[in-house]
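Working notes, structure below.
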Amino acid sequence: MGLPQIFLETHNIRNRTFGFGVFTYELVKELAKQNKNFGLTLNLPNASYLDLFEGQHLKFHKYYSFQRHAFTRIRKKFDLWHSLNQNIRVEPYHTMPYLLTIHDIIPAVEGNKKRSKQFREKINRSHAITYISEFVKEQTHQYFDIPANITEKVIYNGNSMANVKELGDFTPEIVPEKPFLLAIGNFQTRKNYTALIEMMRLTTEYTLILAGNNENSYGQQIKDLIQNYHLEKRVLVTGKISEQSKQYYLKNARALLLPSIQEGFGLPVVEAMHFGKPVFLSRLTSLPEVGGTDAFYWDNFDPEEMKNTVDEGLACFYKNEDVNARKMKDRAALFSWKNAARDYLEIYESVVKK
């Protein structure tokens with residue numbers, strides 16, 4: 001008898017500059033290392049992506065965008081189908097054991113009726129659901145009915161910077177002359193970058209780097225705001241950045257700023273803490289769960305109060321930098337892709353055995 005076969009819907013690996021892509025890559029990389037008991041089929045744009053992973057029992061399935069339509073769904077049966085995020089529209093044609101990982105329910109709640117219907121269908125076909133934070137689990141239960149017989153587990157994301165190589169002499173194209181603060185992530189309204197721009201009007205001590213895909217309407221709004229306030233020399237918008245640039249900015253920033261009003265987890269928080277950096281976060285949604293008691297928090301988004309929180313927090317942190325940096329690194333060490341993969345493999349085992 002052969003190994004149980006698991007299908008991993010992984011086509012989001014194409015874009016590792018945003019959360020779903022990072023999650024997919026880091027989790028699959030660790031699953032491939034640890035897995036001994038399953039055949040893992042990865043739905044990928046092309047077979048060369050398999051070269052990213054070291055492991056055994058890995059198979060390739062060609063991803064096509066038309067797989068999102070019901071009549072062209074994948075018809076092969078598997079012992080388990082894992083949908084790695086709630087927005088994926090590629091679904092199995094046949095009924096089979098199904099694991100859903102939920103990162104964020106806001107698109108399903110605030111989106112159109114079709115998206116909400118698709119999300120409910122995913123929940124209803126699930127045999128198990130994993131959540132990337134307790135906040136996401138609580139929010140899902142607040143808005144949706146979860147069948148009582150479904151296995152549920154919170155599995156935190158890991159630290160993508162845990163095994164990076166030294167940068168050597170590398171420097172990114174944009175390097176500020178002044179000490180800089182960093183905000184990183186795709187430009188979306190929920191990131192609340194407008195609050196950071198308003199805050200930067202009140203300070204001349206630091207430069208702010210905004211890194212991430214900004215080719216959308218919110219990105220244009222932010223760039224227009226920077227221009228209107230004549231902050232072009234003090235707020236630098238990089239666009240998408242490489243992994244090396246990301247590492248450089250995290251390692252050299254004075255602090256990470258994340259004033260999000262909606263966040264399922266917040267990977268950059270863990271990544272910045274890994275380098276012993278202070279993090280300034282919104283008290284909303286999942287961020288206090290990830291940042292813990294040693295992070296700094298904004299109670300509101302009044303520009304002057306945000307500036308005061310940053311100024312006072314930086315002074316406090318760097319007054320005893322070695323001790324505080326160790327606290328941040330210890331916090332980051334709690335989040336591990338190795339542990340996450342182990343927990344997912346346990347979920348696979350429990351669902352397949354049912």
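Residue numbering restarts at 1 for every chain of the structure tokens, chains are lettered A, B, ... in their displayed order, and ligands are numbered from 1 as they appear.
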
Can you pull out the residues contacting His103 of chain A? Cut-off 12 Å, using only C-alpha atoms, and skip same-chain residues under 3 positions away; I want them as a PDB file with N, CA, C and O atoms, in the first residue's frame.
```pdb
ATOM      1  N   GLY A  19       2.205  38.360   1.682  1.00  0.00           N
ATOM      2  CA  GLY A  19       2.049  37.396   2.759  1.00  0.00           C
ATOM      3  C   GLY A  19       1.739  35.984   2.332  1.00  0.00           C
ATOM      4  O   GLY A  19       2.345  35.014   2.832  1.00  0.00           O
ATOM      5  N   PHE A  20       0.775  35.799   1.419  1.00  0.00           N
ATOM      6  CA  PHE A  20       0.413  34.442   1.008  1.00  0.00           C
ATOM      7  C   PHE A  20       1.588  33.737   0.347  1.00  0.00           C
ATOM      8  O   PHE A  20       1.797  32.534   0.537  1.00  0.00           O
ATOM      9  N   PHE A  23       4.119  32.773   3.088  1.00  0.00           N
ATOM     10  CA  PHE A  23       3.555  31.652   3.853  1.00  0.00           C
ATOM     11  C   PHE A  23       3.694  30.344   3.081  1.00  0.00           C
ATOM     12  O   PHE A  23       4.157  29.327   3.620  1.00  0.00           O
ATOM     13  N   THR A  24       3.299  30.354   1.822  1.00  0.00           N
ATOM     14  CA  THR A  24       3.333  29.151   1.008  1.00  0.00           C
ATOM     15  C   THR A  24       4.752  28.623   0.878  1.00  0.00           C
ATOM     16  O   THR A  24       5.017  27.427   1.107  1.00  0.00           O
ATOM     17  N   SER A  83      -6.052  23.620   1.191  1.00  0.00           N
ATOM     18  CA  SER A  83      -6.169  24.960   0.623  1.00  0.00           C
ATOM     19  C   SER A  83      -5.403  25.905   1.543  1.00  0.00           C
ATOM     20  O   SER A  83      -5.831  26.145   2.675  1.00  0.00           O
ATOM     21  N   LEU A  84      -4.255  26.436   1.079  1.00  0.00           N
ATOM     22  CA  LEU A  84      -3.332  27.150   1.952  1.00  0.00           C
ATOM     23  C   LEU A  84      -3.768  28.563   2.309  1.00  0.00           C
ATOM     24  O   LEU A  84      -3.142  29.203   3.145  1.00  0.00           O
ATOM     25  N   ASN A  85      -4.806  29.082   1.683  1.00  0.00           N
ATOM     26  CA  ASN A  85      -5.409  30.322   2.171  1.00  0.00           C
ATOM     27  C   ASN A  85      -6.859  30.396   1.724  1.00  0.00           C
ATOM     28  O   ASN A  85      -7.277  29.699   0.795  1.00  0.00           O
ATOM     29  N   GLN A  86      -7.612  31.234   2.376  1.00  0.00           N
ATOM     30  CA  GLN A  86      -9.062  31.285   2.187  1.00  0.00           C
ATOM     31  C   GLN A  86      -9.475  31.926   0.879  1.00  0.00           C
ATOM     32  O   GLN A  86     -10.627  31.814   0.476  1.00  0.00           O
ATOM     33  N   ASN A  87      -8.549  32.589   0.181  1.00  0.00           N
ATOM     34  CA  ASN A  87      -8.905  33.265  -1.066  1.00  0.00           C
ATOM     35  C   ASN A  87      -8.720  32.392  -2.303  1.00  0.00           C
ATOM     36  O   ASN A  87      -9.110  32.788  -3.396  1.00  0.00           O
ATOM     37  N   ILE A  88      -8.113  31.246  -2.147  1.00  0.00           N
ATOM     38  CA  ILE A  88      -7.841  30.372  -3.288  1.00  0.00           C
ATOM     39  C   ILE A  88      -9.153  29.901  -3.914  1.00  0.00           C
ATOM     40  O   ILE A  88     -10.060  29.441  -3.218  1.00  0.00           O
ATOM     41  N   LEU A 100      -8.565  23.620   5.406  1.00  0.00           N
ATOM     42  CA  LEU A 100      -8.571  25.032   5.039  1.00  0.00           C
ATOM     43  C   LEU A 100      -7.731  25.818   6.031  1.00  0.00           C
ATOM     44  O   LEU A 100      -7.933  25.705   7.245  1.00  0.00           O
ATOM     45  N   ILE A 106     -11.718  39.264   6.450  1.00  0.00           N
ATOM     46  CA  ILE A 106     -12.298  40.547   6.060  1.00  0.00           C
ATOM     47  C   ILE A 106     -12.738  40.575   4.599  1.00  0.00           C
ATOM     48  O   ILE A 106     -13.822  41.083   4.282  1.00  0.00           O
ATOM     49  N   PRO A 107     -11.941  40.053   3.651  1.00  0.00           N
ATOM     50  CA  PRO A 107     -12.432  40.046   2.263  1.00  0.00           C
ATOM     51  C   PRO A 107     -13.759  39.326   2.103  1.00  0.00           C
ATOM     52  O   PRO A 107     -14.600  39.722   1.297  1.00  0.00           O
ATOM     53  N   ALA A 108     -13.965  38.263   2.883  1.00  0.00           N
ATOM     54  CA  ALA A 108     -15.228  37.527   2.808  1.00  0.00           C
ATOM     55  C   ALA A 108     -16.370  38.285   3.470  1.00  0.00           C
ATOM     56  O   ALA A 108     -17.522  38.195   3.042  1.00  0.00           O
ATOM     57  N   ILE A 129      -9.840  22.962  10.021  1.00  0.00           N
ATOM     58  CA  ILE A 129      -9.515  24.353   9.726  1.00  0.00           C
ATOM     59  C   ILE A 129      -8.359  24.762  10.622  1.00  0.00           C
ATOM     60  O   ILE A 129      -8.374  24.502  11.836  1.00  0.00           O
ATOM     61  N   THR A 130      -7.351  25.405  10.035  1.00  0.00           N
ATOM     62  CA  THR A 130      -6.284  26.006  10.815  1.00  0.00           C
ATOM     63  C   THR A 130      -6.357  27.519  10.652  1.00  0.00           C
ATOM     64  O   THR A 130      -6.783  28.028   9.617  1.00  0.00           O
ATOM     65  N   TYR A 131      -5.922  28.225  11.696  1.00  0.00           N
ATOM     66  CA  TYR A 131      -5.935  29.686  11.717  1.00  0.00           C
ATOM     67  C   TYR A 131      -4.531  30.169  12.051  1.00  0.00           C
ATOM     68  O   TYR A 131      -3.811  29.524  12.821  1.00  0.00           O
ATOM     69  N   ILE A 132      -4.134  31.322  11.511  1.00  0.00           N
ATOM     70  CA  ILE A 132      -2.771  31.794  11.761  1.00  0.00           C
ATOM     71  C   ILE A 132      -2.659  32.602  13.048  1.00  0.00           C
ATOM     72  O   ILE A 132      -1.553  32.987  13.425  1.00  0.00           O
ATOM     73  N   SER A 133      -3.772  32.856  13.721  1.00  0.00           N
ATOM     74  CA  SER A 133      -3.741  33.526  15.023  1.00  0.00           C
ATOM     75  C   SER A 133      -5.047  33.258  15.749  1.00  0.00           C
ATOM     76  O   SER A 133      -6.055  32.892  15.139  1.00  0.00           O
ATOM     77  N   GLU A 134      -5.019  33.449  17.063  1.00  0.00           N
ATOM     78  CA  GLU A 134      -6.243  33.313  17.852  1.00  0.00           C
ATOM     79  C   GLU A 134      -7.258  34.365  17.422  1.00  0.00           C
ATOM     80  O   GLU A 134      -8.470  34.105  17.407  1.00  0.00           O
ATOM     81  N   PHE A 135      -6.761  35.547  17.076  1.00  0.00           N
ATOM     82  CA  PHE A 135      -7.658  36.609  16.627  1.00  0.00           C
ATOM     83  C   PHE A 135      -8.444  36.169  15.397  1.00  0.00           C
ATOM     84  O   PHE A 135      -9.662  36.391  15.312  1.00  0.00           O
ATOM     85  N   VAL A 136      -7.767  35.579  14.423  1.00  0.00           N
ATOM     86  CA  VAL A 136      -8.451  35.140  13.202  1.00  0.00           C
ATOM     87  C   VAL A 136      -9.484  34.063  13.526  1.00  0.00           C
ATOM     88  O   VAL A 136     -10.589  34.062  12.965  1.00  0.00           O
ATOM     89  N   LYS A 137      -9.160  33.166  14.452  1.00  0.00           N
ATOM     90  CA  LYS A 137     -10.121  32.132  14.849  1.00  0.00           C
ATOM     91  C   LYS A 137     -11.356  32.775  15.479  1.00  0.00           C
ATOM     92  O   LYS A 137     -12.503  32.434  15.123  1.00  0.00           O
ATOM     93  N   GLU A 138     -11.136  33.691  16.413  1.00  0.00           N
ATOM     94  CA  GLU A 138     -12.261  34.348  17.079  1.00  0.00           C
ATOM     95  C   GLU A 138     -13.117  35.118  16.078  1.00  0.00           C
ATOM     96  O   GLU A 138     -14.356  35.092  16.146  1.00  0.00           O
ATOM     97  N   GLN A 139     -12.471  35.794  15.156  1.00  0.00           N
ATOM     98  CA  GLN A 139     -13.202  36.588  14.170  1.00  0.00           C
ATOM     99  C   GLN A 139     -13.999  35.690  13.229  1.00  0.00           C
ATOM    100  O   GLN A 139     -15.134  36.016  12.857  1.00  0.00           O
ATOM    101  N   THR A 140     -13.427  34.557  12.848  1.00  0.00           N
ATOM    102  CA  THR A 140     -14.139  33.618  11.986  1.00  0.00           C
ATOM    103  C   THR A 140     -15.399  33.118  12.674  1.00  0.00           C
ATOM    104  O   THR A 140     -16.483  33.058  12.067  1.00  0.00           O
ATOM    105  N   VAL A 154      -5.051  26.595  15.988  1.00  0.00           N
ATOM    106  CA  VAL A 154      -4.276  27.788  15.668  1.00  0.00           C
ATOM    107  C   VAL A 154      -2.821  27.366  15.486  1.00  0.00           C
ATOM    108  O   VAL A 154      -2.227  26.754  16.376  1.00  0.00           O
ATOM    109  N   ILE A 155      -2.247  27.668  14.320  1.00  0.00           N
ATOM    110  CA  ILE A 155      -0.838  27.394  14.040  1.00  0.00           C
ATOM    111  C   ILE A 155      -0.201  28.701  13.597  1.00  0.00           C
ATOM    112  O   ILE A 155      -0.504  29.219  12.522  1.00  0.00           O
ATOM    113  N   TYR A 156       0.673  29.219  14.434  1.00  0.00           N
ATOM    114  CA  TYR A 156       1.297  30.507  14.124  1.00  0.00           C
ATOM    115  C   TYR A 156       2.277  30.387  12.958  1.00  0.00           C
ATOM    116  O   TYR A 156       2.910  29.349  12.758  1.00  0.00           O
ATOM    117  N   ASN A 157       2.406  31.462  12.207  1.00  0.00           N
ATOM    118  CA  ASN A 157       3.439  31.536  11.181  1.00  0.00           C
ATOM    119  C   ASN A 157       4.816  31.515  11.831  1.00  0.00           C
ATOM    120  O   ASN A 157       4.965  31.777  13.030  1.00  0.00           O
ATOM    121  N   GLN A 262      -6.210  46.184  10.324  1.00  0.00           N
ATOM    122  CA  GLN A 262      -6.645  44.811  10.111  1.00  0.00           C
ATOM    123  C   GLN A 262      -5.420  43.986   9.738  1.00  0.00           C
ATOM    124  O   GLN A 262      -4.773  44.249   8.738  1.00  0.00           O
ATOM    125  N   GLU A 263      -5.094  43.005  10.556  1.00  0.00           N
ATOM    126  CA  GLU A 263      -3.912  42.181  10.312  1.00  0.00           C
ATOM    127  C   GLU A 263      -4.172  40.786  10.866  1.00  0.00           C
ATOM    128  O   GLU A 263      -4.482  40.626  12.042  1.00  0.00           O
ATOM    129  N   GLY A 264      -4.040  39.776   9.992  1.00  0.00           N
ATOM    130  CA  GLY A 264      -4.262  38.406  10.448  1.00  0.00           C
ATOM    131  C   GLY A 264      -3.121  37.880  11.287  1.00  0.00           C
ATOM    132  O   GLY A 264      -3.315  37.064  12.192  1.00  0.00           O
ATOM    133  N   PHE A 265      -1.914  38.332  11.003  1.00  0.00           N
ATOM    134  CA  PHE A 265      -0.732  37.911  11.775  1.00  0.00           C
ATOM    135  C   PHE A 265       0.273  39.058  11.841  1.00  0.00           C
ATOM    136  O   PHE A 265       0.466  39.651  12.875  1.00  0.00           O
ATOM    137  N   GLY A 266       0.930  39.364  10.731  1.00  0.00           N
ATOM    138  CA  GLY A 266       1.932  40.430  10.708  1.00  0.00           C
ATOM    139  C   GLY A 266       3.337  39.874  10.678  1.00  0.00           C
ATOM    140  O   GLY A 266       4.109  40.051  11.633  1.00  0.00           O
ATOM    141  N   LEU A 267       3.701  39.205   9.578  1.00  0.00           N
ATOM    142  CA  LEU A 267       5.025  38.593   9.459  1.00  0.00           C
ATOM    143  C   LEU A 267       6.182  39.568   9.696  1.00  0.00           C
ATOM    144  O   LEU A 267       7.166  39.201  10.354  1.00  0.00           O
ATOM    145  N   SER A 286      -4.693  41.260  15.402  1.00  0.00           N
ATOM    146  CA  SER A 286      -3.771  40.228  15.888  1.00  0.00           C
ATOM    147  C   SER A 286      -2.449  40.776  16.405  1.00  0.00           C
ATOM    148  O   SER A 286      -1.655  40.021  16.987  1.00  0.00           O
TER     149      SER A 286
END
```

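Taking segment 51-205 of chain A and asking which residues DSSP calls strand (DSSP E or B) on the backbone, you get A:Leu58, A:Lys59, A:Phe60, A:His61, A:Lys62, A:Ile74, A:Leu80, A:Trp81, A:His82, A:Ser83, A:Pro92, A:Tyr98, A:Leu99, A:Leu100, A:Thr101, A:Ile102, A:Ala128, A:Ile129, A:Thr130, A:Tyr131, A:Thr151, A:Glu152, A:Lys153, A:Val154, A:Phe180, A:Leu181, A:Leu182, A:Ala183, A:Ile184.
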
For Phe170 of chain A, the closest of A:Trp81, A:Phe18, A:Tyr249, A:Phe7 counting only C-alpha atoms is A:Tyr249

Spatial neighbours of Asp79 of chain A, 7 Å, only C-alpha atoms, chain gap at least 4 places, as an MDAnalysis selection string | chainID A and resid 4:6 96:97 352

message: Report as number ranges by chain all protein, DNA and RNA residues lying within 10 Å of Phe60 of chain A, evaluated on only C-alpha atoms, omitting residues in the same chain fewer than 2 positions from it.
response: A: 7, 40-50, 58, 62-63

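The alpha helix (DSSP H) portion of segment 98-143 of chain A consists of Ile106, Pro107, Ala108, Val109, Glu110, Lys113, Lys114, Arg115, Ser116, Lys117, Gln118, Phe119, Arg120, Glu121, Lys122, Ile123, Asn124, Arg125, Glu134, Phe135, Val136, Lys137, Glu138, Gln139, Thr140, His141, Gln142 and Tyr143 of chain A, with states taken from DSSP on the backbone.
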
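Candidate residues A:Lys153, A:Asn112, A:Phe119, A:Lys240 were compared for distance to Glu346 of chain A, and the nearest is A:Lys153, using only C-alpha atoms.
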
Correct to one decimal, the distance atom CA of Glu91 of chain A-atom CA of Ile13 of chain A is 17.0 Å

Counting only C-alpha atoms, closest pick from A:Thr204, A:Asn192, A:Ser242, A:Asn320 relative to Ile222 of chain A is A:Asn192

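Counting from atom CA of Arg201 of chain A, the distance to atom CA of Phe296 of chain A is 20.7 Å.
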